[in-house]
Every structure is written in structure tokens, then in C-alpha cells.
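Chemist: Okay, so here is target35.pdb, and as you'll see once you scroll down, it has PDB, C-alpha atoms, pLDDT in the B column.
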ATOM      1  CA  MET A 278      76.645   3.302  47.968  1.00 56.00           C
ATOM      2  CA  THR A 279      78.080   4.284  51.347  1.00 75.00           C
ATOM      3  CA  ASN A 280      79.935   1.529  53.181  1.00 95.00           C
ATOM      4  CA  ILE A 281      79.150   2.429  56.771  1.00 97.00           C
ATOM      5  CA  GLY A 282      81.210  -0.394  58.239  1.00 96.00           C
ATOM      6  CA  GLU A 283      84.362   0.615  56.368  1.00 97.00           C
ATOM      7  CA  ASN A 284      83.823   4.255  57.289  1.00 97.00           C
ATOM      8  CA  LEU A 285      83.639   3.358  60.975  1.00 97.00           C
ATOM      9  CA  ILE A 286      86.826   1.304  60.753  1.00 96.00           C
ATOM     10  CA  ASN A 287      88.640   4.216  59.096  1.00 96.00           C
ATOM     11  CA  LEU A 288      87.430   6.650  61.731  1.00 96.00           C
ATOM     12  CA  ARG A 289      88.397   4.430  64.637  1.00 95.00           C
ATOM     13  CA  GLU A 290      91.911   4.273  63.228  1.00 96.00           C
ATOM     14  CA  GLN A 291      92.078   8.082  63.346  1.00 96.00           C
ATOM     15  CA  ILE A 292      90.418   8.716  66.707  1.00 97.00           C
ATOM     16  CA  PRO A 293      92.193   7.823  69.964  1.00 96.00           C
ATOM     17  CA  GLU A 294      90.468   5.154  72.055  1.00 94.00           C
ATOM     18  CA  SER A 295      90.024   7.724  74.825  1.00 95.00           C
ATOM     19  CA  VAL A 296      87.787   9.855  72.568  1.00 98.00           C
ATOM     20  CA  LYS A 297      84.128   8.837  72.311  1.00 98.00           C
ATOM     21  CA  LEU A 298      82.625   8.696  68.828  1.00 98.00           C
ATOM     22  CA  ILE A 299      79.045   9.977  68.605  1.00 98.00           C
ATOM     23  CA  ALA A 300      77.564   8.908  65.273  1.00 98.00           C
ATOM     24  CA  VAL A 301      75.288  11.759  64.190  1.00 98.00           C
ATOM     25  CA  SER A 302      72.327   9.988  62.646  1.00 97.00           C
ATOM     26  CA  LYS A 303      69.971  12.924  62.103  1.00 95.00           C
ATOM     27  CA  THR A 304      67.999  12.621  58.827  1.00 95.00           C
ATOM     28  CA  LYS A 305      69.343   9.091  58.344  1.00 96.00           C
ATOM     29  CA  PRO A 306      66.978   6.095  58.099  1.00 96.00           C
ATOM     30  CA  VAL A 307      66.737   3.369  60.718  1.00 97.00           C
ATOM     31  CA  SER A 308      68.424   0.951  58.301  1.00 97.00           C
ATOM     32  CA  ASP A 309      71.607   3.069  58.247  1.00 97.00           C
ATOM     33  CA  ILE A 310      71.676   3.330  62.031  1.00 98.00           C
ATOM     34  CA  LEU A 311      71.211  -0.439  62.325  1.00 98.00           C
ATOM     35  CA  ASP A 312      74.076  -0.938  59.859  1.00 97.00           C
ATOM     36  CA  ALA A 313      76.340   1.176  62.073  1.00 98.00           C
ATOM     37  CA  TYR A 314      75.097  -0.670  65.163  1.00 98.00           C
ATOM     38  CA  ASN A 315      75.892  -4.036  63.577  1.00 97.00           C
ATOM     39  CA  ASN A 316      79.400  -2.720  62.947  1.00 97.00           C
ATOM     40  CA  GLY A 317      79.928  -2.029  66.638  1.00 97.00           C
ATOM     41  CA  GLN A 318      78.711   1.559  67.011  1.00 98.00           C
ATOM     42  CA  ARG A 319      76.607   2.176  70.137  1.00 98.00           C
ATOM     43  CA  ARG A 320      76.535   5.967  70.621  1.00 98.00           C
ATOM     44  CA  PHE A 321      74.251   7.956  68.311  1.00 98.00           C
ATOM     45  CA  GLY A 322      73.380  11.651  68.236  1.00 98.00           C
ATOM     46  CA  GLU A 323      70.100  13.233  67.151  1.00 97.00           C
ATOM     47  CA  ASN A 324      69.094  16.891  67.117  1.00 96.00           C
ATOM     48  CA  ARG A 325      65.309  16.799  66.726  1.00 97.00           C
ATOM     49  CA  VAL A 326      63.019  15.321  69.353  1.00 97.00           C
ATOM     50  CA  LYS A 327      60.293  14.205  66.955  1.00 97.00           C
ATOM     51  CA  GLU A 328      62.759  12.378  64.715  1.00 97.00           C
ATOM     52  CA  LEU A 329      64.479  10.725  67.654  1.00 98.00           C
ATOM     53  CA  LEU A 330      61.197   9.494  69.070  1.00 97.00           C
ATOM     54  CA  SER A 331      60.231   8.036  65.700  1.00 97.00           C
ATOM     55  CA  LYS A 332      63.453   6.000  65.548  1.00 97.00           C
ATOM     56  CA  LYS A 333      64.312   4.794  69.027  1.00 96.00           C
ATOM     57  CA  ASP A 334      61.671   2.083  69.413  1.00 96.00           C
ATOM     58  CA  LEU A 335      62.637   0.572  66.050  1.00 98.00           C
ATOM     59  CA  LEU A 336      66.247   0.067  67.133  1.00 98.00           C
ATOM     60  CA  PRO A 337      68.098  -2.001  69.774  1.00 97.00           C
ATOM     61  CA  ALA A 338      67.444  -0.980  73.369  1.00 96.00           C
ATOM     62  CA  ASP A 339      71.140  -0.769  74.281  1.00 97.00           C
ATOM     63  CA  ILE A 340      71.807   2.180  71.975  1.00 98.00           C
ATOM     64  CA  GLU A 341      73.180   5.176  73.905  1.00 98.00           C
ATOM     65  CA  TRP A 342      71.254   8.179  72.615  1.00 98.00           C
ATOM     66  CA  HIS A 343      72.845  11.635  72.799  1.00 98.00           C
ATOM     67  CA  PHE A 344      70.707  14.706  72.179  1.00 98.00           C
ATOM     68  CA  ILE A 345      72.917  17.236  70.410  1.00 97.00           C
ATOM     69  CA  GLY A 346      70.508  19.891  69.099  1.00 94.00           C
ATOM     70  CA  HIS A 347      68.746  22.876  70.610  1.00 93.00           C
ATOM     71  CA  LEU A 348      66.249  21.481  73.115  1.00 95.00           C
ATOM     72  CA  GLN A 349      63.039  23.360  73.858  1.00 94.00           C
ATOM     73  CA  SER A 350      61.844  23.210  77.447  1.00 94.00           C
ATOM     74  CA  ASN A 351      58.419  21.900  76.445  1.00 96.00           C
ATOM     75  CA  LYS A 352      60.030  18.849  74.828  1.00 97.00           C
ATOM     76  CA  VAL A 353      62.312  17.879  77.704  1.00 97.00           C
ATOM     77  CA  LYS A 354      59.773  15.462  79.157  1.00 97.00           C
ATOM     78  CA  SER A 355      59.780  13.387  75.960  1.00 97.00           C
ATOM     79  CA  VAL A 356      63.495  12.571  75.951  1.00 97.00           C
ATOM     80  CA  ILE A 357      64.333  12.363  79.665  1.00 97.00           C
ATOM     81  CA  PRO A 358      63.281   8.701  80.137  1.00 97.00           C
ATOM     82  CA  PHE A 359      65.797   7.270  77.681  1.00 97.00           C
ATOM     83  CA  VAL A 360      68.424   9.820  76.622  1.00 98.00           C
ATOM     84  CA  SER A 361      71.963   9.117  77.848  1.00 97.00           C
ATOM     85  CA  MET A 362      73.312  12.654  77.600  1.00 98.00           C
ATOM     86  CA  ILE A 363      72.075  16.100  76.594  1.00 98.00           C
ATOM     87  CA  HIS A 364      74.947  18.011  74.971  1.00 97.00           C
ATOM     88  CA  SER A 365      73.111  21.246  74.358  1.00 94.00           C
ATOM     89  CA  VAL A 366      72.145  22.798  77.696  1.00 94.00           C
ATOM     90  CA  ASP A 367      72.302  26.491  76.814  1.00 92.00           C
ATOM     91  CA  SER A 368      70.403  28.103  79.708  1.00 90.00           C
ATOM     92  CA  PHE A 369      69.862  27.495  83.398  1.00 89.00           C
ATOM     93  CA  GLY A 370      66.139  27.598  82.720  1.00 90.00           C
ATOM     94  CA  LEU A 371      66.562  24.519  80.545  1.00 93.00           C
ATOM     95  CA  LEU A 372      68.764  22.874  83.166  1.00 92.00           C
ATOM     96  CA  THR A 373      66.053  23.493  85.774  1.00 92.00           C
ATOM     97  CA  GLU A 374      63.424  21.926  83.523  1.00 95.00           C
ATOM     98  CA  ILE A 375      65.600  18.866  82.909  1.00 96.00           C
ATOM     99  CA  ASN A 376      66.134  18.492  86.648  1.00 95.00           C
ATOM    100  CA  SER A 377      62.399  18.788  87.318  1.00 95.00           C
ATOM    101  CA  GLU A 378      61.383  16.161  84.759  1.00 97.00           C
ATOM    102  CA  ALA A 379      64.207  13.824  85.783  1.00 97.00           C
ATOM    103  CA  HIS A 380      63.159  14.111  89.428  1.00 96.00           C
ATOM    104  CA  LYS A 381      59.650  12.896  88.528  1.00 97.00           C
ATOM    105  CA  ILE A 382      61.041   9.583  87.264  1.00 97.00           C
ATOM    106  CA  ASN A 383      63.898   9.329  89.776  1.00 97.00           C
ATOM    107  CA  LYS A 384      66.622   9.578  87.135  1.00 97.00           C
ATOM    108  CA  ILE A 385      69.922  11.462  86.980  1.00 96.00           C
ATOM    109  CA  VAL A 386      70.522  12.947  83.519  1.00 97.00           C
ATOM    110  CA  ASN A 387      74.021  13.625  82.214  1.00 98.00           C
ATOM    111  CA  CYS A 388      74.313  17.102  80.700  1.00 97.00           C
ATOM    112  CA  LEU A 389      76.910  19.299  79.023  1.00 97.00           C
ATOM    113  CA  LEU A 390      76.896  23.095  79.160  1.00 95.00           C
ATOM    114  CA  GLN A 391      76.932  24.504  75.632  1.00 96.00           C
ATOM    115  CA  ILE A 392      79.417  27.365  75.336  1.00 95.00           C
ATOM    116  CA  HIS A 393      79.226  29.815  72.444  1.00 93.00           C
ATOM    117  CA  ILE A 394      82.628  29.640  70.744  1.00 93.00           C
ATOM    118  CA  ALA A 395      81.814  30.477  67.103  1.00 89.00           C
ATOM    119  CA  ALA A 396      82.011  33.766  65.255  1.00 84.00           C
ATOM    120  CA  GLU A 397      78.447  33.157  64.050  1.00 75.00           C
ATOM    121  CA  GLU A 398      75.844  34.748  66.306  1.00 72.00           C
ATOM    122  CA  THR A 399      73.196  32.275  65.171  1.00 65.00           C
ATOM    123  CA  LYS A 400      74.692  29.435  67.193  1.00 71.00           C
ATOM    124  CA  TYR A 401      73.353  28.817  70.690  1.00 80.00           C
ATOM    125  CA  GLY A 402      75.296  28.738  73.933  1.00 88.00           C
ATOM    126  CA  PHE A 403      76.381  30.464  77.116  1.00 90.00           C
ATOM    127  CA  SER A 404      79.261  32.868  77.323  1.00 89.00           C
ATOM    128  CA  LEU A 405      81.809  31.756  79.904  1.00 91.00           C
ATOM    129  CA  LYS A 406      80.917  34.833  81.988  1.00 90.00           C
ATOM    130  CA  GLU A 407      77.245  33.823  82.016  1.00 89.00           C
ATOM    131  CA  VAL A 408      78.094  30.306  83.166  1.00 89.00           C
ATOM    132  CA  MET A 409      80.396  31.534  85.919  1.00 89.00           C
ATOM    133  CA  ASN A 410      77.821  34.055  87.142  1.00 86.00           C
ATOM    134  CA  ASP A 411      74.979  31.548  87.039  1.00 81.00           C
ATOM    135  CA  LEU A 412      76.981  28.918  88.884  1.00 82.00           C
ATOM    136  CA  GLN A 413      77.683  31.452  91.607  1.00 79.00           C
ATOM    137  CA  THR A 414      74.111  32.688  91.937  1.00 76.00           C
ATOM    138  CA  ASN A 415      72.184  29.423  91.410  1.00 71.00           C
ATOM    139  CA  ASP A 416      72.148  26.765  94.099  1.00 62.00           C
ATOM    140  CA  MET A 417      73.312  23.822  92.014  1.00 62.00           C
ATOM    141  CA  SER A 418      73.169  21.534  95.049  1.00 56.00           C
ATOM    142  CA  GLN A 419      69.380  21.530  94.636  1.00 69.00           C
ATOM    143  CA  SER A 420      69.622  20.177  91.077  1.00 81.00           C
ATOM    144  CA  ARG A 421      70.158  16.637  92.220  1.00 89.00           C
ATOM    145  CA  ASN A 422      68.758  15.010  89.098  1.00 95.00           C
ATOM    146  CA  VAL A 423      71.214  16.546  86.646  1.00 95.00           C
ATOM    147  CA  ARG A 424      74.893  15.764  86.424  1.00 95.00           C
ATOM    148  CA  ILE A 425      76.964  18.408  84.635  1.00 95.00           C
ATOM    149  CA  CYS A 426      79.652  16.313  82.955  1.00 97.00           C
ATOM    150  CA  GLY A 427      81.486  19.008  80.978  1.00 97.00           C
ATOM    151  CA  VAL A 428      81.066  21.384  78.068  1.00 97.00           C
ATOM    152  CA  MET A 429      80.082  21.360  74.413  1.00 97.00           C
ATOM    153  CA  GLY A 430      80.775  23.819  71.626  1.00 96.00           C
ATOM    154  CA  MET A 431      80.088  24.268  67.928  1.00 93.00           C
ATOM    155  CA  ALA A 432      82.840  25.934  65.950  1.00 94.00           C
ATOM    156  CA  THR A 433      82.388  28.384  63.096  1.00 92.00           C
ATOM    157  CA  TYR A 434      81.549  26.845  59.732  1.00 90.00           C
ATOM    158  CA  THR A 435      84.828  27.689  58.049  1.00 91.00           C
ATOM    159  CA  SER A 436      87.823  26.139  56.308  1.00 91.00           C
ATOM    160  CA  ASP A 437      90.182  28.377  58.294  1.00 94.00           C
ATOM    161  CA  ARG A 438      91.998  25.796  60.393  1.00 95.00           C
ATOM    162  CA  THR A 439      93.683  28.446  62.527  1.00 96.00           C
ATOM    163  CA  GLN A 440      90.320  29.871  63.513  1.00 95.00           C
ATOM    164  CA  LEU A 441      88.972  26.406  64.292  1.00 96.00           C
ATOM    165  CA  SER A 442      91.991  25.639  66.428  1.00 97.00           C
ATOM    166  CA  THR A 443      91.549  28.922  68.305  1.00 96.00           C
ATOM    167  CA  GLU A 444      87.858  28.238  68.977  1.00 96.00           C
ATOM    168  CA  PHE A 445      88.479  24.678  70.170  1.00 97.00           C
ATOM    169  CA  SER A 446      91.375  25.831  72.326  1.00 97.00           C
ATOM    170  CA  TYR A 447      89.094  28.419  73.901  1.00 97.00           C
ATOM    171  CA  LEU A 448      86.507  25.755  74.745  1.00 97.00           C
ATOM    172  CA  ARG A 449      89.225  23.731  76.440  1.00 98.00           C
ATOM    173  CA  GLU A 450      90.164  26.839  78.439  1.00 97.00           C
ATOM    174  CA  CYS A 451      86.513  27.270  79.464  1.00 96.00           C
ATOM    175  CA  PHE A 452      86.443  23.649  80.605  1.00 97.00           C
ATOM    176  CA  ASP A 453      89.635  24.115  82.628  1.00 97.00           C
ATOM    177  CA  GLU A 454      88.335  27.266  84.306  1.00 95.00           C
ATOM    178  CA  LEU A 455      85.022  25.678  85.224  1.00 95.00           C
ATOM    179  CA  LYS A 456      86.784  22.571  86.493  1.00 95.00           C
ATOM    180  CA  CYS A 457      89.121  24.576  88.722  1.00 95.00           C
ATOM    181  CA  ASN A 458      86.503  26.984  90.062  1.00 91.00           C
ATOM    182  CA  HIS A 459      83.345  24.898  90.366  1.00 90.00           C
ATOM    183  CA  PHE A 460      83.928  21.212  89.677  1.00 93.00           C
ATOM    184  CA  ILE A 461      87.337  20.497  91.180  1.00 94.00           C
ATOM    185  CA  THR A 462      86.048  17.557  93.225  1.00 94.00           C
ATOM    186  CA  ALA A 463      83.598  16.294  90.584  1.00 93.00           C
ATOM    187  CA  ASN A 464      85.272  13.360  88.842  1.00 96.00           C
ATOM    188  CA  TYR A 465      82.353  13.201  86.406  1.00 96.00           C
ATOM    189  CA  PHE A 466      83.142  16.680  85.038  1.00 96.00           C
ATOM    190  CA  LYS A 467      85.486  15.399  82.325  1.00 98.00           C
ATOM    191  CA  GLU A 468      83.875  15.752  78.895  1.00 98.00           C
ATOM    192  CA  ILE A 469      84.606  18.242  76.115  1.00 98.00           C
ATOM    193  CA  SER A 470      82.258  17.621  73.194  1.00 98.00           C
ATOM    194  CA  MET A 471      83.709  19.321  70.130  1.00 98.00           C
ATOM    195  CA  GLY A 472      84.610  18.396  66.585  1.00 96.00           C
ATOM    196  CA  MET A 473      82.570  17.209  63.613  1.00 96.00           C
ATOM    197  CA  SER A 474      83.296  15.568  60.268  1.00 95.00           C
ATOM    198  CA  GLY A 475      85.237  18.486  58.833  1.00 93.00           C
ATOM    199  CA  ASP A 476      87.287  19.430  61.867  1.00 96.00           C
ATOM    200  CA  PHE A 477      87.462  16.524  64.322  1.00 97.00           C
ATOM    201  CA  GLU A 478      91.224  16.097  63.941  1.00 97.00           C
ATOM    202  CA  ILE A 479      91.779  19.675  65.107  1.00 97.00           C
ATOM    203  CA  ALA A 480      89.304  19.201  67.947  1.00 98.00           C
ATOM    204  CA  VAL A 481      91.023  16.031  69.147  1.00 98.00           C
ATOM    205  CA  ARG A 482      94.368  17.788  69.081  1.00 97.00           C
ATOM    206  CA  GLU A 483      92.895  20.584  71.228  1.00 97.00           C
ATOM    207  CA  GLY A 484      91.514  18.187  73.842  1.00 97.00           C
ATOM    208  CA  SER A 485      88.145  16.872  72.677  1.00 98.00           C
ATOM    209  CA  THR A 486      86.833  13.830  74.541  1.00 98.00           C
ATOM    210  CA  MET A 487      83.758  13.429  72.303  1.00 98.00           C
ATOM    211  CA  VAL A 488      83.460  13.983  68.555  1.00 98.00           C
ATOM    212  CA  ARG A 489      80.112  14.233  66.771  1.00 98.00           C
ATOM    213  CA  ILE A 490      80.488  12.784  63.276  1.00 98.00           C
ATOM    214  CA  GLY A 491      77.805  12.197  60.668  1.00 97.00           C
ATOM    215  CA  SER A 492      78.770  12.495  57.000  1.00 96.00           C
ATOM    216  CA  LEU A 493      82.084  10.626  57.347  1.00 97.00           C
ATOM    217  CA  ILE A 494      80.051   7.657  58.579  1.00 97.00           C
ATOM    218  CA  PHE A 495      76.744   7.839  56.736  1.00 96.00           C
ATOM    219  CA  GLY A 496      77.665   9.913  53.679  1.00 90.00           C
ATOM    220  CA  GLU A 497      76.470  13.386  52.769  1.00 82.00           C
ATOM    221  CA  ARG A 498      72.887  14.351  53.571  1.00 70.00           C
TER
END
Rewrite the structure from the file as C-alpha cells, please.
Modeler:
Amino acid sequence: MTNIGENLINLREQIPESVKLIAVSKTKPVSDILDAYNNGQRRFGENRVKELLSKKDLLPADIEWHFIGHLQSNKVKSVIPFVSMIHSVDSFGLLTEINSEAHKINKIVNCLLQIHIAAEETKYGFSLKEVMNDLQTNDMSQSRNVRICGVMGMATYTSDRTQLSTEFSYLRECFDELKCNHFITANYFKEISMGMSGDFEIAVREGSTMVRIGSLIFGER
């Protein structure tokens, strides 16, 4: 039986206090999430809207929900009222939809731009060139109900630590370039969401400010 409390203690000993731990609770029952909550965890990540909606009302209201999966525009309205951050903004069309729905309820939604850093083409995300071009051609000042807080990336599923380090380093470079060219005065542009159970140590070393960890907390799916 998985000891969630002990797993969280072990992780907190390995992760610097400055790095936020997002407990990835997708596919896990409410009882497991509550166990983690009772052991001090407050930030949880889900990647499916339907599953998140089925869980949130059964759990404490002060949980900080992070949406970490691919978000379809037609499902934005469902998560906007309560989600703390959307990690997976992979198009300016999606960003526009988030802004529109957030405006209707007078809320500012924290978002991360998902950058494609993996060798696998199946993963979502902008190229850095696309982001730079879109930031130049889109009037971001009109998107007053979204706050772009940084970037997110998903590395290649591989045991090659050199490749992982290279991909995470590249995401940090993307963050730095965006910060210098578009967000130099934005003190909220400070997050780099990268690193999961198998590679978080490398990600932290390369500058991650948020790690998304599931199996090291809740056990294998």
C-alpha cells in the first residue's frame, strides 16, 4: 500500500523550498487526494476536465487546482471559475477563449505558454518562433483577464539524461528570451513548469520553478 504522507516528506526533502510541487492526481481517487491534502499538500494537477469536475466539489475548497493537460476551447468555460493556473496554453486562439470566459466572470486567470521541447511530435506546444511572432502581432494589452506567468514544457519520454537536460535547458532559454523581449517589467512572469517523477531532479537543476509529480506521490497508475 502506498504511503502518500511518507512519499511527500521524501519529495520535500529533495525539492528546494523555492520550487512548487504540483501533485498530479489524474486517475487517482478522491481518497488519495484527501490523504495528500491531510499531509499538507495544497496544489494538485489534473489533465481532463470531466475528471476534474467530478472531484473538485468532493474535496476541500482551498485546494489550488492546476490544469496541466491539453485544453479544448469548448471546455474552457467549465474550469475558469475555479482553476488556479492553466499550464497548457498552446495557441493564441485558446488564450483568447480563456480571456473571453474569464472576462464574463470578472476573473484574471494565470496561464503558462506551453513550448514544444520534446523530440516527439505528438506533444503539444508552441515553437519559440511562433510565440515571439504572435506576441508581436497580437495586442496582448487587450487580454486583460489572462496573466501569462511563464512557460511550461514536456520533455521526451526517455532515459537519456543528457537529452532531458538539453530539453530543459532549452525551455529555460525560451523563458529568458521571452522575459527579456516581452515581459521585462512583468514581475509575475517567473514560472518555468517542467519536470515529472522520472526527471524532476534534472529539471530543478536546469531552473524549474514548478514540478509536476504523480507516481512518486500516489504510486504507479
Chemist: Which is closest to A:Gly346 among A:Leu298, A:Ile385, A:Val366, A:Leu311, if we use all atoms listed in the file?
Modeler: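 When distances to A:Gly346 are compared using all atoms listed in the file, the smallest one comes from A:Val366.
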Chemist: Kindly indicate which residue among A:Leu448, A:Leu285, A:Val307, A:Leu405 lies nearest to A:Ser331, using all atoms listed in the file for the distances.
Modeler: A:Val307
Chemist: Out of A:Ile299, A:Leu441, A:Val423, A:Leu455, which residue has the shortest atom-to-atom distance to A:Gly475 when counting only C-alpha atoms?
Modeler: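 With only C-alpha atoms as the atom set, the closest residue is A:Leu441.
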Chemist: Pick from A:Ile363, A:Ile375, A:Cys426, A:Leu288: nearest to A:Asn464, with only C-alpha atoms counted?
Modeler: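 Of all the options, A:Cys426 lies closest to A:Asn464.
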Chemist: Using the chain letters and numbers from the file, give me the residues hit by the PyMOL selection byres ((chain A and resi 317) around 12), as number ranges by chain.
Modeler: A: 281-286, 289, 298, 300, 310-316, 318-321, 339-340
Chemist: Expand the PyMOL selection byres ((chain A and resi 373) around 10) into the explicit residue set it covers here, and present it as a VMD selection string.
Modeler: chain A and resid 350 368 to 372 374 to 379 417 419 to 420 422 to 423
Chemist: May I have the residues at most 10 Å from (91.0, 22.1, 71.5) in the file's coordinates, counting all atoms listed in the file, as JSON, numbers by chain?
Modeler: {"A": [441, 442, 443, 444, 445, 446, 447, 448, 449, 450, 469, 470, 471, 472, 477, 478, 479, 480, 481, 482, 483, 484, 485, 486]}
Chemist: With a distance cut-off of 7 Å and only C-alpha atoms, select the neighbouring residues of A:Leu390, excluding the residue or stretch itself and same-chain residues fewer than 3 positions from it, and output the selection as number ranges by chain.
Modeler: A: 364-367, 427-429
Chemist: Please, what distance in Å, to one decimal, runs between atom CA of A:Ile357 and atom CA of A:Val386?
Modeler: 7.3 Å
Chemist: Would you compute the distance between atom CA of A:Leu330 and atom CA of A:Lys384? Give it in Å to one decimal.
Modeler: 18.9 Å
Chemist: Separation of atom CA of A:His393 and atom CA of A:Pro358, in Å?
Modeler: 27.6 Å
Chemist: Compare A:Asn287, A:Asn383, A:Gln349, A:Ser361 by their minimum atom-to-atom distance to A:Gly322, counting all atoms listed in the file, and give me the closest one.
Modeler: A:Ser361
Chemist: Export N, CA, C and O atoms of stretch 389-407 of chain A from the structure just given, as a PDB file, in the first residue's frame?
Modeler:
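Everything below was put into part.pdb:
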ATOM      1  N   LEU A 389       0.286  29.602 -18.378  1.00  0.00           N
ATOM      2  CA  LEU A 389       1.644  29.365 -18.851  1.00  0.00           C
ATOM      3  C   LEU A 389       1.573  29.032 -20.333  1.00  0.00           C
ATOM      4  O   LEU A 389       0.649  28.343 -20.783  1.00  0.00           O
ATOM      5  N   LEU A 390       2.543  29.504 -21.098  1.00  0.00           N
ATOM      6  CA  LEU A 390       2.635  29.171 -22.513  1.00  0.00           C
ATOM      7  C   LEU A 390       3.380  27.850 -22.661  1.00  0.00           C
ATOM      8  O   LEU A 390       4.517  27.724 -22.203  1.00  0.00           O
ATOM      9  N   GLN A 391       2.740  26.867 -23.273  1.00  0.00           N
ATOM     10  CA  GLN A 391       3.375  25.565 -23.451  1.00  0.00           C
ATOM     11  C   GLN A 391       4.278  25.595 -24.679  1.00  0.00           C
ATOM     12  O   GLN A 391       3.822  25.830 -25.802  1.00  0.00           O
ATOM     13  N   ILE A 392       5.560  25.337 -24.453  1.00  0.00           N
ATOM     14  CA  ILE A 392       6.552  25.325 -25.524  1.00  0.00           C
ATOM     15  C   ILE A 392       6.890  23.879 -25.883  1.00  0.00           C
ATOM     16  O   ILE A 392       7.094  23.045 -24.988  1.00  0.00           O
ATOM     17  N   HIS A 393       6.938  23.583 -27.161  1.00  0.00           N
ATOM     18  CA  HIS A 393       7.295  22.230 -27.592  1.00  0.00           C
ATOM     19  C   HIS A 393       8.804  22.051 -27.486  1.00  0.00           C
ATOM     20  O   HIS A 393       9.566  22.689 -28.199  1.00  0.00           O
ATOM     21  N   ILE A 394       9.229  21.184 -26.560  1.00  0.00           N
ATOM     22  CA  ILE A 394      10.669  20.973 -26.355  1.00  0.00           C
ATOM     23  C   ILE A 394      11.093  19.536 -26.622  1.00  0.00           C
ATOM     24  O   ILE A 394      12.283  19.233 -26.657  1.00  0.00           O
ATOM     25  N   ALA A 395      10.151  18.624 -26.814  1.00  0.00           N
ATOM     26  CA  ALA A 395      10.453  17.202 -26.949  1.00  0.00           C
ATOM     27  C   ALA A 395      10.765  16.799 -28.382  1.00  0.00           C
ATOM     28  O   ALA A 395      10.385  17.484 -29.339  1.00  0.00           O
ATOM     29  N   ALA A 396      11.439  15.672 -28.512  1.00  0.00           N
ATOM     30  CA  ALA A 396      11.695  15.114 -29.841  1.00  0.00           C
ATOM     31  C   ALA A 396      10.417  14.528 -30.431  1.00  0.00           C
ATOM     32  O   ALA A 396      10.275  14.418 -31.652  1.00  0.00           O
ATOM     33  N   GLU A 397       9.474  14.152 -29.574  1.00  0.00           N
ATOM     34  CA  GLU A 397       8.226  13.547 -30.034  1.00  0.00           C
ATOM     35  C   GLU A 397       7.291  14.603 -30.619  1.00  0.00           C
ATOM     36  O   GLU A 397       6.976  15.602 -29.964  1.00  0.00           O
ATOM     37  N   GLU A 398       6.827  14.372 -31.831  1.00  0.00           N
ATOM     38  CA  GLU A 398       5.946  15.328 -32.488  1.00  0.00           C
ATOM     39  C   GLU A 398       4.536  15.293 -31.911  1.00  0.00           C
ATOM     40  O   GLU A 398       3.739  16.205 -32.144  1.00  0.00           O
ATOM     41  N   THR A 399       4.209  14.246 -31.178  1.00  0.00           N
ATOM     42  CA  THR A 399       2.850  14.100 -30.665  1.00  0.00           C
ATOM     43  C   THR A 399       2.546  15.056 -29.521  1.00  0.00           C
ATOM     44  O   THR A 399       1.388  15.277 -29.192  1.00  0.00           O
ATOM     45  N   LYS A 400       3.569  15.603 -28.899  1.00  0.00           N
ATOM     46  CA  LYS A 400       3.335  16.525 -27.788  1.00  0.00           C
ATOM     47  C   LYS A 400       2.925  17.905 -28.318  1.00  0.00           C
ATOM     48  O   LYS A 400       3.360  18.346 -29.366  1.00  0.00           O
ATOM     49  N   TYR A 401       2.066  18.571 -27.539  1.00  0.00           N
ATOM     50  CA  TYR A 401       1.559  19.875 -27.941  1.00  0.00           C
ATOM     51  C   TYR A 401       2.563  20.976 -27.597  1.00  0.00           C
ATOM     52  O   TYR A 401       3.512  20.762 -26.846  1.00  0.00           O
ATOM     53  N   GLY A 402       2.298  22.175 -28.134  1.00  0.00           N
ATOM     54  CA  GLY A 402       3.099  23.323 -27.739  1.00  0.00           C
ATOM     55  C   GLY A 402       3.511  24.217 -28.885  1.00  0.00           C
ATOM     56  O   GLY A 402       3.595  23.802 -30.043  1.00  0.00           O
ATOM     57  N   PHE A 403       3.762  25.485 -28.547  1.00  0.00           N
ATOM     58  CA  PHE A 403       4.305  26.453 -29.482  1.00  0.00           C
ATOM     59  C   PHE A 403       5.763  26.148 -29.770  1.00  0.00           C
ATOM     60  O   PHE A 403       6.464  25.576 -28.936  1.00  0.00           O
ATOM     61  N   SER A 404       6.254  26.614 -30.905  1.00  0.00           N
ATOM     62  CA  SER A 404       7.691  26.797 -31.073  1.00  0.00           C
ATOM     63  C   SER A 404       7.995  28.184 -30.523  1.00  0.00           C
ATOM     64  O   SER A 404       7.104  29.042 -30.428  1.00  0.00           O
ATOM     65  N   LEU A 405       9.241  28.425 -30.149  1.00  0.00           N
ATOM     66  CA  LEU A 405       9.597  29.751 -29.648  1.00  0.00           C
ATOM     67  C   LEU A 405       9.323  30.812 -30.711  1.00  0.00           C
ATOM     68  O   LEU A 405       8.838  31.910 -30.397  1.00  0.00           O
ATOM     69  N   LYS A 406       9.605  30.489 -31.980  1.00  0.00           N
ATOM     70  CA  LYS A 406       9.371  31.439 -33.069  1.00  0.00           C
ATOM     71  C   LYS A 406       7.899  31.824 -33.153  1.00  0.00           C
ATOM     72  O   LYS A 406       7.556  33.003 -33.345  1.00  0.00           O
ATOM     73  N   GLU A 407       7.015  30.837 -33.004  1.00  0.00           N
ATOM     74  CA  GLU A 407       5.577  31.112 -33.046  1.00  0.00           C
ATOM     75  C   GLU A 407       5.169  32.055 -31.923  1.00  0.00           C
ATOM     76  O   GLU A 407       4.394  32.998 -32.130  1.00  0.00           O
TER      77      GLU A 407
END
